[in-house]
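To be precise, the following lines are start.cif, and they hold mmCIF, C-alpha atoms and all ligand atoms.
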data_final
loop_
_atom_site.label_atom_id
_atom_site.label_comp_id
_atom_site.auth_asym_id
_atom_site.auth_seq_id
_atom_site.Cartn_x
_atom_site.Cartn_y
_atom_site.Cartn_z
CA MET A 1 13.32 34.61 -18.86
CA GLY A 2 11.07 32.69 -16.48
CA ARG A 3 11.63 29.17 -15.24
CA LEU A 4 9.32 26.31 -16.06
CA PHE A 5 11.21 23.32 -14.68
CA GLY A 6 11.71 22.86 -10.94
CA THR A 7 14.06 20.44 -9.18
CA ASN A 8 12.36 17.46 -10.74
CA GLY A 9 10.26 18.35 -13.76
CA VAL A 10 7.32 20.72 -14.01
CA ARG A 11 4.86 20.53 -11.11
CA GLY A 12 1.78 22.42 -9.97
CA VAL A 13 -1.74 22.23 -8.59
CA ILE A 14 -4.01 20.85 -11.33
CA ASN A 15 -5.69 23.66 -13.33
CA GLU A 16 -3.87 26.31 -11.25
CA GLY A 17 -0.06 26.04 -11.41
CA LEU A 18 -0.26 23.33 -14.06
CA THR A 19 -2.82 23.80 -16.85
CA VAL A 20 -3.50 22.11 -20.20
CA ASP A 21 -2.11 25.25 -21.91
CA ILE A 22 1.21 24.77 -20.11
CA ALA A 23 1.22 21.05 -20.95
CA LEU A 24 0.42 21.76 -24.61
CA ASP A 25 3.14 24.39 -25.06
CA LEU A 26 5.65 22.40 -23.06
CA ALA A 27 5.05 19.44 -25.39
CA ARG A 28 5.39 21.70 -28.46
CA ALA A 29 8.74 22.91 -27.08
CA VAL A 30 9.86 19.34 -26.31
CA GLY A 31 8.93 18.24 -29.85
CA THR A 32 10.76 21.24 -31.31
CA ILE A 33 13.99 20.50 -29.39
CA LEU A 34 14.02 16.69 -29.17
CA GLY A 35 11.98 15.73 -32.24
CA PRO A 36 11.13 14.73 -34.80
CA GLY A 37 10.75 11.05 -33.93
CA LYS A 38 8.79 8.80 -31.59
CA VAL A 39 8.00 9.94 -28.02
CA ALA A 40 6.81 7.48 -25.35
CA LEU A 41 4.16 8.65 -22.84
CA SER A 42 2.92 7.38 -19.51
CA ARG A 43 1.13 8.61 -16.37
CA ASP A 44 0.59 7.68 -12.75
CA SER A 45 -2.82 7.40 -11.03
CA ARG A 46 -3.27 11.13 -10.40
CA HIS A 47 -6.28 13.15 -11.45
CA GLY A 48 -5.64 14.98 -14.70
CA GLY A 49 -3.32 12.25 -15.99
CA VAL A 50 -5.38 11.65 -19.13
CA MET A 51 -6.10 15.37 -19.58
CA PHE A 52 -2.40 16.30 -19.52
CA SER A 53 -1.44 13.24 -21.53
CA ASP A 54 -3.86 14.26 -24.30
CA ALA A 55 -2.60 17.86 -24.29
CA VAL A 56 1.00 16.62 -24.48
CA THR A 57 0.04 14.25 -27.29
CA SER A 58 -1.50 17.09 -29.34
CA GLY A 59 1.52 19.30 -28.79
CA LEU A 60 3.96 16.59 -29.84
CA LEU A 61 1.95 15.59 -32.93
CA SER A 62 1.84 19.21 -34.10
CA THR A 63 5.63 19.30 -34.22
CA GLY A 64 5.77 16.13 -36.32
CA CYS A 65 6.58 13.71 -33.48
CA SER A 66 4.73 10.40 -33.17
CA VAL A 67 3.43 9.25 -29.80
CA VAL A 68 3.63 5.76 -28.25
CA ASP A 69 1.35 5.54 -25.20
CA ILE A 70 2.42 2.74 -22.84
CA GLY A 71 -0.56 3.36 -20.50
CA PRO A 72 -0.33 4.04 -16.74
CA ALA A 73 3.03 2.81 -15.38
CA PRO A 74 5.81 3.75 -12.94
CA THR A 75 8.24 6.43 -14.12
CA PRO A 76 11.10 3.85 -14.27
CA THR A 77 8.99 1.63 -16.57
CA LEU A 78 8.64 4.50 -19.03
CA GLN A 79 12.35 5.29 -18.69
CA PHE A 80 13.18 1.65 -19.42
CA MET A 81 10.99 1.64 -22.56
CA VAL A 82 12.22 4.93 -24.12
CA PRO A 83 15.50 3.55 -25.53
CA ARG A 84 13.98 0.11 -26.21
CA LEU A 85 11.18 1.58 -28.32
CA LYS A 86 13.85 3.73 -30.04
CA CYS A 87 12.15 6.94 -28.93
CA VAL A 88 13.76 10.37 -29.08
CA ALA A 89 12.11 11.31 -25.76
CA GLY A 90 9.72 10.21 -23.03
CA VAL A 91 7.12 12.29 -21.18
CA MET A 92 5.71 11.20 -17.81
CA MET A 93 2.67 12.80 -16.17
CA THR A 94 3.44 12.57 -12.45
CA ALA A 95 3.98 14.70 -9.39
CA SER A 96 5.82 11.83 -7.65
CA HIS A 97 5.26 12.15 -3.87
CA ASN A 98 3.43 15.55 -3.87
CA PRO A 99 -0.09 15.85 -2.33
CA PRO A 100 -3.10 14.68 -4.44
CA GLU A 101 -4.03 18.11 -5.87
CA PHE A 102 -0.70 18.25 -7.73
CA ASN A 103 0.30 16.82 -11.06
CA GLY A 104 3.47 17.26 -13.06
CA ILE A 105 5.41 16.51 -16.22
CA LYS A 106 8.85 14.90 -16.41
CA VAL A 107 10.78 14.92 -19.68
CA MET A 108 13.31 12.22 -20.57
CA GLY A 109 15.85 12.14 -23.39
CA SER A 110 16.42 9.25 -25.82
CA ASN A 111 18.41 7.34 -23.13
CA GLY A 112 15.43 7.40 -20.74
CA ILE A 113 17.16 9.77 -18.28
CA GLU A 114 15.49 13.05 -17.32
CA VAL A 115 16.90 15.74 -19.62
CA SER A 116 19.86 17.77 -18.32
CA ARG A 117 19.57 21.33 -17.01
CA GLU A 118 21.01 22.53 -20.34
CA VAL A 119 18.30 20.80 -22.36
CA GLU A 120 15.68 22.09 -19.89
CA SER A 121 16.92 25.63 -20.58
CA MET A 122 16.67 25.07 -24.34
CA ILE A 123 13.10 23.79 -23.93
CA GLU A 124 12.26 26.77 -21.69
CA GLU A 125 13.63 29.23 -24.23
CA ILE A 126 11.41 27.81 -27.00
CA TYR A 127 8.48 27.66 -24.57
CA PHE A 128 8.66 31.29 -23.47
CA GLU A 129 9.43 32.64 -26.95
CA LYS A 130 6.78 30.37 -28.47
CA ARG A 131 9.12 29.44 -31.33
CA PHE A 132 7.48 26.05 -31.88
CA ARG A 133 8.09 23.87 -34.88
CA ALA A 134 4.85 23.40 -36.84
CA ALA A 135 4.93 20.29 -39.03
CA SER A 136 3.42 20.46 -42.51
CA TRP A 137 0.04 18.76 -42.97
CA LYS A 138 1.72 15.63 -44.34
CA GLU A 139 4.12 15.31 -41.41
CA ILE A 140 1.66 15.35 -38.49
CA GLY A 141 2.56 12.37 -36.27
CA ALA A 142 0.53 9.27 -35.43
CA VAL A 143 -0.50 7.78 -32.06
CA SER A 144 -0.06 4.14 -31.09
CA GLN A 145 -0.51 2.09 -27.92
CA TYR A 146 2.13 -0.29 -26.59
CA ASP A 147 0.75 -2.91 -24.20
CA MET A 148 3.88 -4.93 -23.37
CA ALA A 149 5.78 -2.33 -21.34
CA ILE A 150 5.01 -3.69 -17.88
CA SER A 151 5.63 -7.34 -18.73
CA GLU A 152 8.93 -6.54 -20.50
CA PHE A 153 9.98 -4.39 -17.56
CA ILE A 154 9.20 -7.17 -15.06
CA ASP A 155 11.13 -9.72 -17.15
CA ALA A 156 14.14 -7.37 -17.26
CA ILE A 157 14.20 -6.97 -13.47
CA LYS A 158 13.91 -10.75 -12.97
CA SER A 159 16.94 -11.24 -15.24
CA HIS A 160 19.09 -9.18 -12.81
CA VAL A 161 18.39 -11.19 -9.63
CA ASP A 162 18.95 -14.79 -8.49
CA GLU A 163 15.46 -16.04 -9.24
CA GLU A 164 16.13 -19.61 -8.05
CA ALA A 165 17.32 -18.47 -4.64
CA ILE A 166 14.26 -16.23 -4.22
CA GLN A 167 11.86 -18.98 -5.39
CA ARG A 168 13.25 -21.37 -2.73
CA ARG A 169 12.59 -19.02 0.20
CA ASN A 170 8.84 -18.35 -0.10
CA LEU A 171 9.17 -14.91 1.48
CA ARG A 172 6.03 -13.19 2.72
CA VAL A 173 5.87 -9.59 1.46
CA VAL A 174 3.43 -6.72 2.02
CA ILE A 175 3.50 -4.10 -0.75
CA ASP A 176 2.01 -0.65 -0.15
CA GLY A 177 1.57 0.79 -3.64
CA ALA A 178 0.23 4.16 -2.39
CA ASN A 179 -2.88 3.75 -4.62
CA SER A 180 -0.65 4.40 -7.59
CA VAL A 181 1.30 2.78 -10.40
CA GLY A 182 3.80 0.88 -8.24
CA SER A 183 0.90 -1.54 -7.71
CA LEU A 184 0.94 -2.38 -11.41
CA VAL A 185 4.49 -3.78 -11.22
CA THR A 186 5.89 -4.79 -7.84
CA PRO A 187 3.14 -7.19 -6.61
CA LEU A 188 3.22 -9.04 -9.94
CA LEU A 189 7.03 -9.05 -10.05
CA LEU A 190 7.41 -10.50 -6.57
CA ARG A 191 4.64 -13.04 -7.08
CA GLU A 192 6.41 -14.25 -10.23
CA LEU A 193 9.59 -14.52 -8.15
CA GLY A 194 7.78 -16.90 -5.78
CA CYS A 195 6.93 -14.55 -2.90
CA LYS A 196 3.62 -14.66 -1.06
CA VAL A 197 2.36 -11.12 -1.76
CA PHE A 198 -0.11 -9.10 0.31
CA SER A 199 -1.21 -5.84 -1.35
CA LEU A 200 -2.03 -2.67 0.54
CA ASN A 201 -3.48 0.43 -1.19
CA GLY A 202 -3.28 -1.58 -4.40
CA GLN A 203 -6.17 0.03 -6.31
CA LEU A 204 -5.28 3.07 -8.44
CA ASP A 205 -6.98 6.17 -7.01
CA GLY A 206 -5.87 9.77 -7.62
CA GLU A 207 -7.25 10.89 -4.28
CA PHE A 208 -4.71 8.66 -2.51
CA PRO A 209 -7.26 7.45 0.08
CA GLY A 210 -4.78 5.04 1.68
CA ARG A 211 -1.99 7.40 2.58
CA ASN A 212 0.03 10.42 1.50
CA PRO A 213 2.19 9.24 -1.44
CA GLU A 214 5.49 10.19 0.16
CA PRO A 215 6.98 6.96 1.63
CA ILE A 216 8.26 8.45 4.90
CA PRO A 217 7.73 6.88 8.35
CA GLU A 218 4.72 8.97 9.41
CA ASN A 219 2.84 7.74 6.32
CA LEU A 220 3.70 4.06 6.76
CA THR A 221 2.06 3.11 10.07
CA GLU A 222 -0.55 0.96 8.34
CA LEU A 223 2.13 -0.89 6.37
CA ALA A 224 4.18 -1.50 9.53
CA ASN A 225 1.10 -2.84 11.34
CA THR A 226 0.11 -5.06 8.41
CA VAL A 227 3.62 -6.56 8.21
CA LYS A 228 3.30 -7.60 11.84
CA SER A 229 -0.28 -8.87 11.64
CA VAL A 230 0.29 -11.10 8.59
CA ARG A 231 3.75 -12.12 9.94
CA ALA A 232 5.46 -10.91 6.76
CA ASP A 233 9.23 -10.98 6.27
CA ILE A 234 9.32 -7.51 4.76
CA GLY A 235 7.12 -4.54 3.85
CA ILE A 236 7.74 -2.39 0.76
CA ALA A 237 6.31 1.10 0.18
CA HIS A 238 6.55 3.07 -3.06
CA ASP A 239 6.07 6.77 -3.72
CA GLY A 240 3.48 8.00 -6.27
CA ASP A 241 5.51 7.08 -9.36
CA ALA A 242 7.42 4.16 -7.83
CA ASP A 243 10.95 5.32 -8.49
CA ARG A 244 11.63 4.86 -4.77
CA ALA A 245 11.10 2.02 -2.31
CA THR A 246 11.07 2.23 1.49
CA PHE A 247 11.38 -0.98 3.52
CA VAL A 248 9.86 -2.21 6.77
CA ASP A 249 11.48 -5.08 8.69
CA GLU A 250 9.61 -8.12 10.08
CA ASN A 251 9.07 -6.32 13.40
CA GLY A 252 7.33 -3.39 11.72
CA HIS A 253 10.36 -1.11 12.04
CA ILE A 254 10.85 1.30 9.11
CA LEU A 255 14.36 1.37 7.65
CA TRP A 256 16.07 4.66 6.94
CA GLY A 257 16.73 5.19 3.23
CA ASP A 258 20.49 5.13 3.69
CA GLN A 259 20.25 1.72 5.42
CA SER A 260 18.49 0.05 2.49
CA PHE A 261 20.80 1.82 0.05
CA ALA A 262 23.81 0.63 2.10
CA LEU A 263 22.61 -3.00 2.18
CA ILE A 264 22.30 -3.08 -1.61
CA ALA A 265 25.48 -1.05 -2.20
CA SER A 266 27.65 -3.30 -0.04
CA ARG A 267 26.66 -6.37 -2.13
CA VAL A 268 26.84 -4.75 -5.57
CA LEU A 269 30.15 -2.95 -4.94
CA ALA A 270 31.81 -6.06 -3.50
CA ARG A 271 31.27 -7.97 -6.75
CA LYS A 272 34.18 -6.17 -8.38
CA MET A 273 37.35 -4.69 -6.86
CA GLY A 274 37.67 -0.97 -7.50
CA SER A 275 33.99 -0.26 -8.22
CA THR A 276 32.67 3.29 -8.20
CA LEU A 277 29.61 4.49 -6.32
CA VAL A 278 27.93 7.71 -7.48
CA THR A 279 26.08 9.54 -4.71
CA PRO A 280 25.11 13.13 -3.79
CA ILE A 281 27.01 14.94 -1.06
CA SER A 282 23.94 14.58 1.17
CA SER A 283 24.91 10.93 1.70
CA GLY A 284 26.68 10.23 4.95
CA ARG A 285 29.22 8.12 6.79
CA LEU A 286 27.33 4.85 6.50
CA ILE A 287 27.69 4.97 2.72
CA GLU A 288 31.36 5.99 3.03
CA ASP A 289 32.00 3.05 5.38
CA ILE A 290 30.27 0.61 3.02
CA ALA A 291 32.21 1.88 0.00
CA ARG A 292 35.55 1.71 1.87
CA GLU A 293 34.87 -1.84 3.05
CA ALA A 294 34.04 -2.93 -0.50
CA GLY A 295 37.23 -1.31 -1.85
CA ALA A 296 35.08 1.08 -3.89
CA LYS A 297 35.54 4.78 -4.48
CA ILE A 298 32.87 7.44 -4.19
CA ASP A 299 32.12 9.91 -6.96
CA TRP A 300 30.22 12.78 -5.27
CA THR A 301 27.58 14.80 -7.13
CA ALA A 302 25.30 17.72 -6.39
CA VAL A 303 22.01 16.80 -4.68
CA GLY A 304 19.38 15.47 -7.11
CA SER A 305 18.61 12.18 -8.83
CA VAL A 306 19.12 13.66 -12.29
CA ASP A 307 22.75 14.52 -11.48
CA VAL A 308 23.38 10.96 -10.30
CA SER A 309 21.83 9.47 -13.46
CA HIS A 310 23.85 11.64 -15.81
CA ARG A 311 27.10 10.90 -13.95
CA LEU A 312 26.39 7.15 -14.11
CA GLU A 313 25.75 7.41 -17.84
CA GLU A 314 28.98 9.41 -18.41
CA THR A 315 31.30 7.26 -16.30
CA GLY A 316 29.83 3.75 -16.44
CA ALA A 317 30.05 3.51 -12.62
CA GLU A 318 28.69 0.34 -11.00
CA LEU A 319 25.99 1.86 -8.76
CA GLY A 320 24.26 5.06 -7.72
CA GLY A 321 22.14 5.89 -4.71
CA GLU A 322 20.62 8.55 -2.50
CA GLU A 323 20.11 8.75 1.25
CA ASN A 324 16.31 8.84 0.69
CA GLY A 325 16.46 5.22 -0.46
CA GLY A 326 16.71 5.81 -4.22
CA VAL A 327 18.95 3.16 -5.81
CA PHE A 328 20.27 3.32 -9.39
CA TYR A 329 21.43 -0.02 -10.81
CA PRO A 330 22.99 0.67 -14.25
CA PRO A 331 23.05 -2.94 -15.56
CA HIS A 332 19.23 -2.56 -15.49
CA GLN A 333 19.07 1.21 -16.08
CA PRO A 334 20.90 4.27 -14.67
CA VAL A 335 17.82 5.78 -13.00
CA ARG A 336 16.07 5.31 -9.65
CA ASP A 337 13.81 2.32 -9.83
CA GLY A 338 11.63 1.26 -6.87
CA ALA A 339 10.72 -2.18 -8.26
CA MET A 340 14.36 -3.03 -9.09
CA THR A 341 15.35 -1.89 -5.58
CA ALA A 342 12.65 -4.10 -4.04
CA ALA A 343 13.85 -7.13 -6.04
CA GLN A 344 17.47 -6.49 -4.96
CA MET A 345 16.49 -6.33 -1.29
CA ILE A 346 14.45 -9.56 -1.56
CA GLU A 347 17.42 -11.20 -3.32
CA ILE A 348 19.80 -10.31 -0.47
CA MET A 349 17.41 -11.82 2.12
CA ALA A 350 16.94 -14.96 0.01
CA VAL A 351 20.57 -15.57 -0.95
CA GLU A 352 21.95 -14.91 2.55
CA GLY A 353 19.05 -16.57 4.37
CA LYS A 354 18.85 -13.70 6.84
CA ARG A 355 15.99 -11.69 8.24
CA LEU A 356 15.91 -7.97 7.53
CA THR A 357 16.57 -7.11 11.20
CA GLU A 358 19.75 -9.23 11.11
CA LEU A 359 20.97 -7.54 7.93
CA VAL A 360 20.37 -4.06 9.37
CA ALA A 361 22.05 -5.00 12.66
CA GLU A 362 25.30 -5.62 10.73
CA LEU A 363 25.42 -1.96 9.61
CA PRO A 364 27.26 0.71 11.60
CA LEU A 365 24.81 3.14 13.18
CA TYR A 366 24.96 6.91 12.74
CA TYR A 367 22.51 9.56 13.86
CA SER A 368 21.31 12.59 11.98
CA THR A 369 19.50 15.86 12.63
CA LYS A 370 17.73 18.13 10.14
CA VAL A 371 16.84 21.74 10.92
CA LYS A 372 15.52 24.66 8.88
CA VAL A 373 16.55 28.30 9.27
CA SER A 374 14.39 31.08 7.81
CA VAL A 375 16.35 33.47 5.63
CA PRO A 376 14.95 36.64 4.02
CA ALA A 377 14.37 35.76 0.34
CA GLU A 378 16.50 38.69 -0.88
CA LYS A 379 19.49 37.46 1.16
CA LYS A 380 19.25 33.81 0.12
CA LEU A 381 21.82 33.96 -2.68
CA ALA A 382 24.35 36.21 -0.92
CA LEU A 383 24.21 34.07 2.21
CA LEU A 384 25.90 31.12 0.55
CA ASP A 385 28.85 33.32 -0.47
CA SER A 386 29.03 34.65 3.05
CA LEU A 387 29.05 31.08 4.44
CA LEU A 388 31.80 30.07 2.02
CA ARG A 389 33.95 33.07 3.01
CA LEU A 390 33.43 32.29 6.68
CA THR A 391 34.63 28.69 6.34
CA ASP A 392 37.40 28.85 3.75
CA ASP A 393 40.00 27.52 6.20
CA GLN A 394 37.93 24.46 7.12
CA ASP A 395 37.81 20.91 5.74
CA ARG A 396 34.85 21.15 3.38
CA ILE A 397 33.14 20.22 0.08
CA THR A 398 31.52 23.08 -1.87
CA LEU A 399 30.02 21.11 -4.75
CA ASP A 400 26.44 22.02 -3.80
CA GLY A 401 25.90 24.26 -0.77
CA LEU A 402 28.48 23.77 1.96
CA LYS A 403 29.50 20.47 3.56
CA LEU A 404 31.83 20.78 6.56
CA LEU A 405 33.75 17.70 7.61
CA PHE A 406 34.77 17.07 11.21
CA ASN A 407 36.40 14.13 12.99
CA ASP A 408 33.13 13.27 14.72
CA GLY A 409 30.71 13.98 11.84
CA TRP A 410 29.64 16.48 9.21
CA ILE A 411 27.24 19.35 8.52
CA LEU A 412 25.59 20.08 5.17
CA ILE A 413 24.09 23.54 4.68
CA ARG A 414 22.01 24.22 1.56
CA PRO A 415 19.44 26.80 0.45
CA SER A 416 16.00 25.34 -0.31
CA GLY A 417 15.17 25.44 -4.02
CA THR A 418 11.63 26.66 -3.41
CA GLU A 419 11.31 28.28 0.05
CA PRO A 420 13.06 31.21 1.84
CA ILE A 421 14.94 28.82 4.12
CA TYR A 422 18.30 27.14 4.51
CA ARG A 423 18.41 23.48 5.49
CA CYS A 424 21.07 22.19 7.81
CA PHE A 425 21.74 18.45 8.02
CA SER A 426 24.19 16.90 10.42
CA GLU A 427 25.39 13.41 11.19
CA ALA A 428 27.47 11.89 13.99
CA ALA A 429 27.99 8.64 15.91
CA THR A 430 25.53 9.72 18.64
CA GLN A 431 22.25 11.66 18.57
CA GLU A 432 23.71 14.27 20.96
CA GLY A 433 26.68 14.67 18.63
CA ALA A 434 24.40 15.17 15.62
CA ASP A 435 22.26 17.70 17.52
CA ARG A 436 25.38 19.58 18.61
CA LEU A 437 26.67 19.76 15.02
CA ALA A 438 23.27 20.96 13.77
CA GLU A 439 23.35 23.72 16.39
CA ARG A 440 26.80 24.66 15.19
CA GLY A 441 25.42 24.85 11.64
CA VAL A 442 22.57 27.12 12.74
CA GLU A 443 25.05 29.40 14.60
CA LEU A 444 27.17 29.57 11.47
CA ILE A 445 24.16 30.54 9.33
CA LYS A 446 23.26 33.29 11.84
CA GLU A 447 26.82 34.55 11.88
CA ALA A 448 26.88 34.61 8.07
CA ILE A 449 23.56 36.50 7.95
CA ALA A 450 24.92 39.07 10.44
CA LYS A 451 27.91 39.66 8.12
CA LEU A 452 25.70 40.48 5.12
MG MG B 1 9.13 9.61 -7.37
#

Could you render the structure as structure tokens?
Ligand code: MG
Amino acid sequence: MGRLFGTNGVRGVINEGLTVDIALDLARAVGTILGPGKVALSRDSRHGGVMFSDAVTSGLLSTGCSVVDIGPAPTPTLQFMVPRLKCVAGVMMTASHNPPEFNGIKVMGSNGIEVSREVESMIEEIYFEKRFRAASWKEIGAVSQYDMAISEFIDAIKSHVDEEAIQRRNLRVVIDGANSVGSLVTPLLLRELGCKVFSLNGQLDGEFPGRNPEPIPENLTELANTVKSVRADIGIAHDGDADRATFVDENGHILWGDQSFALIASRVLARKMGSTLVTPISSGRLIEDIAREAGAKIDWTAVGSVDVSHRLEETGAELGGEENGGVFYPPHQPVRDGAMTAAQMIEIMAVEGKRLTELVAELPLYYSTKVKVSVPAEKKLALLDSLLRLTDDQDRITLDGLKLLFNDGWILIRPSGTEPIYRCFSEAATQEGADRLAERGVELIKEAIAKL
């Protein structure tokens, strides 16, 4: 049987890899497995958002589900509304940080979390076998609009931070919404919290004229420059569906994702002795240091935000996070949420009365290296076994790929989900150390290939 879902939902180039036929049948399969009941829908600013939304609506109605359309909104806003509107599922039209020609569909269960791999497989089975439920003429669902999603979402985030402390500080903030739905929430949220807000790429435009929607340093030069020219205290950049936030300090320096995650984690985990932090094995020493200092333990997962969300939901852990800057704050909701993350960072600056550069300077510094190694597609699967055999006497974690632990750092080796390559990440206390470990990883991959 073929696969429909990738690492994070269904994605493809509009009208090529992702068509209305796919959207329609996917929705019929979702309605068959998760329905009947209400399903909440939303979309980001991408082209095709309405087209796919309408196809998904038709598919869901035909299975007897009703549809509640909350309008364009960030993915975390939809996720927040799914349980509150007592829906059996949520469907988001987004391709997150992919280039403009892409769109995609993410499916959430009744708790607002992206469905598990098991549920994805059930949906795929129905999809490929076309065993859709067809409701009788009297059971065809209805469509309604819900206009309060964004204001309820903003109120919820405000309830989780020290609003008085933030109001007192009059922070100056530049928000780069990537011409997408993050602009519908974060500027309003921070203005209501008393910040002076400057908006960049604030108009919704599916061609993403301002920048590529992935919030990585090479796409954030304009934000960094704007922060400096308006003398802002902080810059905030979202990805296309605003489940992530990247920060820029007052000097225009872009923070690494693990630094912002560490700043928030150290405060949240310290609130209670013996807290638990859920994070993928791709997270590094900085996060381990922060957890140790806060007396917290780490619950490692495979790489992927969906794994973190499900673990948080199962265990009731205090916080989740990823090294790309995704933060999961369960008292609000157990999913990545860029606006919540932004509010938490602003709260830390306001409560502690420190500038972002000062906060970052308090963190231990580690260096990382990322390299790719091409691997013949037919050897990709066997290579991991070969790597595991080659290293079975070493200190390692084999939860997802291979993570080798050394006194001076670590190496993580994983096959790419989509390309014929292996990725090798390393981290150490110096850049030379990280480069040396990455080289060691590459040598190991070559050795393992030779043994195949
Ligand atoms: Mg995203």

Do you know which residues are at most 9 Å from segment 344-355 of chain A counting only C-alpha atoms, after dropping those on the same chain fewer than 3 positions away, and could you put them as a PDB file with C-alpha atoms, in the frame of the given file?
ATOM      1  CA  HIS A 160      19.090  -9.180 -12.810  1.00  0.00           C
ATOM      2  CA  VAL A 161      18.390 -11.190  -9.630  1.00  0.00           C
ATOM      3  CA  ASP A 162      18.950 -14.790  -8.490  1.00  0.00           C
ATOM      4  CA  GLU A 163      15.460 -16.040  -9.240  1.00  0.00           C
ATOM      5  CA  ALA A 165      17.320 -18.470  -4.640  1.00  0.00           C
ATOM      6  CA  ILE A 166      14.260 -16.230  -4.220  1.00  0.00           C
ATOM      7  CA  GLN A 167      11.860 -18.980  -5.390  1.00  0.00           C
ATOM      8  CA  ARG A 168      13.250 -21.370  -2.730  1.00  0.00           C
ATOM      9  CA  ARG A 169      12.590 -19.020   0.200  1.00  0.00           C
ATOM     10  CA  ASN A 170       8.840 -18.350  -0.100  1.00  0.00           C
ATOM     11  CA  LEU A 171       9.170 -14.910   1.480  1.00  0.00           C
ATOM     12  CA  LEU A 190       7.410 -10.500  -6.570  1.00  0.00           C
ATOM     13  CA  ASP A 233       9.230 -10.980   6.270  1.00  0.00           C
ATOM     14  CA  ILE A 234       9.320  -7.510   4.760  1.00  0.00           C
ATOM     15  CA  PHE A 247      11.380  -0.980   3.520  1.00  0.00           C
ATOM     16  CA  ASP A 249      11.480  -5.080   8.690  1.00  0.00           C
ATOM     17  CA  GLU A 250       9.610  -8.120  10.080  1.00  0.00           C
ATOM     18  CA  SER A 260      18.490   0.050   2.490  1.00  0.00           C
ATOM     19  CA  LEU A 263      22.610  -3.000   2.180  1.00  0.00           C
ATOM     20  CA  ILE A 264      22.300  -3.080  -1.610  1.00  0.00           C
ATOM     21  CA  ARG A 267      26.660  -6.370  -2.130  1.00  0.00           C
ATOM     22  CA  ALA A 339      10.720  -2.180  -8.260  1.00  0.00           C
ATOM     23  CA  MET A 340      14.360  -3.030  -9.090  1.00  0.00           C
ATOM     24  CA  THR A 341      15.350  -1.890  -5.580  1.00  0.00           C
ATOM     25  CA  GLU A 358      19.750  -9.230  11.110  1.00  0.00           C
ATOM     26  CA  LEU A 359      20.970  -7.540   7.930  1.00  0.00           C
ATOM     27  CA  VAL A 360      20.370  -4.060   9.370  1.00  0.00           C
TER      28      VAL A 360
END

Dump as a Markdown table the rows for residues of chain A within 8 Å of ligand MG 1 (chain B): closest atom pair and distance in Å with one decimal, all atoms listed in the file counted, ordered by chain and rising residue number.
| residue | atom | partner | partner_atom | distance |
| --- | --- | --- | --- | --- |
| A:Thr75 | CA | B:MG1 | MG | 7.5 |
| A:Ala95 | CA | B:MG1 | MG | 7.5 |
| A:Ser96 | CA | B:MG1 | MG | 4.0 |
| A:His97 | CA | B:MG1 | MG | 5.8 |
| A:Asp239 | CA | B:MG1 | MG | 5.5 |
| A:Gly240 | CA | B:MG1 | MG | 6.0 |
| A:Asp241 | CA | B:MG1 | MG | 4.8 |
| A:Ala242 | CA | B:MG1 | MG | 5.7 |
| A:Asp243 | CA | B:MG1 | MG | 4.8 |
| A:Arg244 | CA | B:MG1 | MG | 6.0 |

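Each of A:Leu399, A:Leu255, A:Ile298, A:Ala89 was compared to Leu41 of chain A using only C-alpha atoms, and A:Ala89 turns out to be the nearest.
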
>> Using all atoms listed in the file, which protein or nucleic acid residues come within 9 Å of segment 429-440 of chain A? Drop anything in the same chain fewer than 5 positions from it, and give the result as a ChimeraX atom specification.
In response: /A:365-371,408-412,424,445

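For the residues A:Thr57, A:Asn15, A:Ser199, A:Gln145, ranking by smallest atom-to-atom distance to Arg28 of chain A using all atoms listed in the file places A:Thr57 first.
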
>> Just want the 9 Å neighbourhood of Met273 of chain A, counted on only C-alpha atoms, with same-chain residues fewer than 3 positions away dropped. Output as a VMD selection string.
In response: chain A and resid 269 to 270 294 to 296

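Across the model, the gap from atom CA of Gly321 of chain A to atom CA of Asn251 of chain A is 25.5 Å.
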
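For the choices A:Gly112, A:Pro215, A:Pro364, A:Gly235, the atom-to-atom distance to Asn324 of chain A is smallest for A:Pro215 when using only C-alpha atoms.
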
> Residues around (11.5, 12.4, -18.7), cut-off 10 Å, counting only C-alpha atoms - what are they as a PyMOL selection string?
Replying inline: chain A and resi 8-9+40-42+75-76+78-79+82+89-93+105-116

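With all atoms listed in the file as the basis for measurement, A:Ala265 is the residue among A:Val67, A:Ala265, A:Leu18, A:Val56 that approaches Glu293 of chain A most closely.
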
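In this comparison, which uses only C-alpha atoms, the residue of A:Leu388, A:Ile216, A:Leu404, A:Ile154 approaching Leu193 of chain A most closely is A:Ile154.
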
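As for atom CA of Ser58 of chain A and atom CA of Thr32 of chain A, they are spaced 13.1 Å apart.
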
>> Env of Gly177 of chain A: 10 Å cut, atoms = all atoms listed in the file, seq-sep filter 2 positions within chain, self excluded. Answer as a PyMOL selection string.
In response: chain A and resi 174-175+179-187+199-204+210-211+213+215+236-242+245

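Here the question is which of A:Ile449, A:Leu356, A:Ile413, A:Val30 gets nearest to Val119 of chain A using all atoms listed in the file, and that residue is A:Val30.
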
>> Just the number, please: distance in Å from atom CA of Gly401 of chain A to atom CA of Gln333 of chain A, one decimal.
In response: 28.5 Å

> Hey, what's within 7 Å of segment 123-127 of chain A if we count all atoms listed in the file and toss same-chain stuff fewer than 2 positions away? As an MDAnalysis selection string, please?
Replying inline: chainID A and resid 3:4 25:26 29:30 33 119:121 129:132

> Within 12 Å of (33.2, 34.9, 4.6), in the coordinates the file gives, what residues turn up when you count all atoms listed in the file, written out as a PyMOL selection string?
Replying inline: chain A and resi 382-394+444-445+447-452
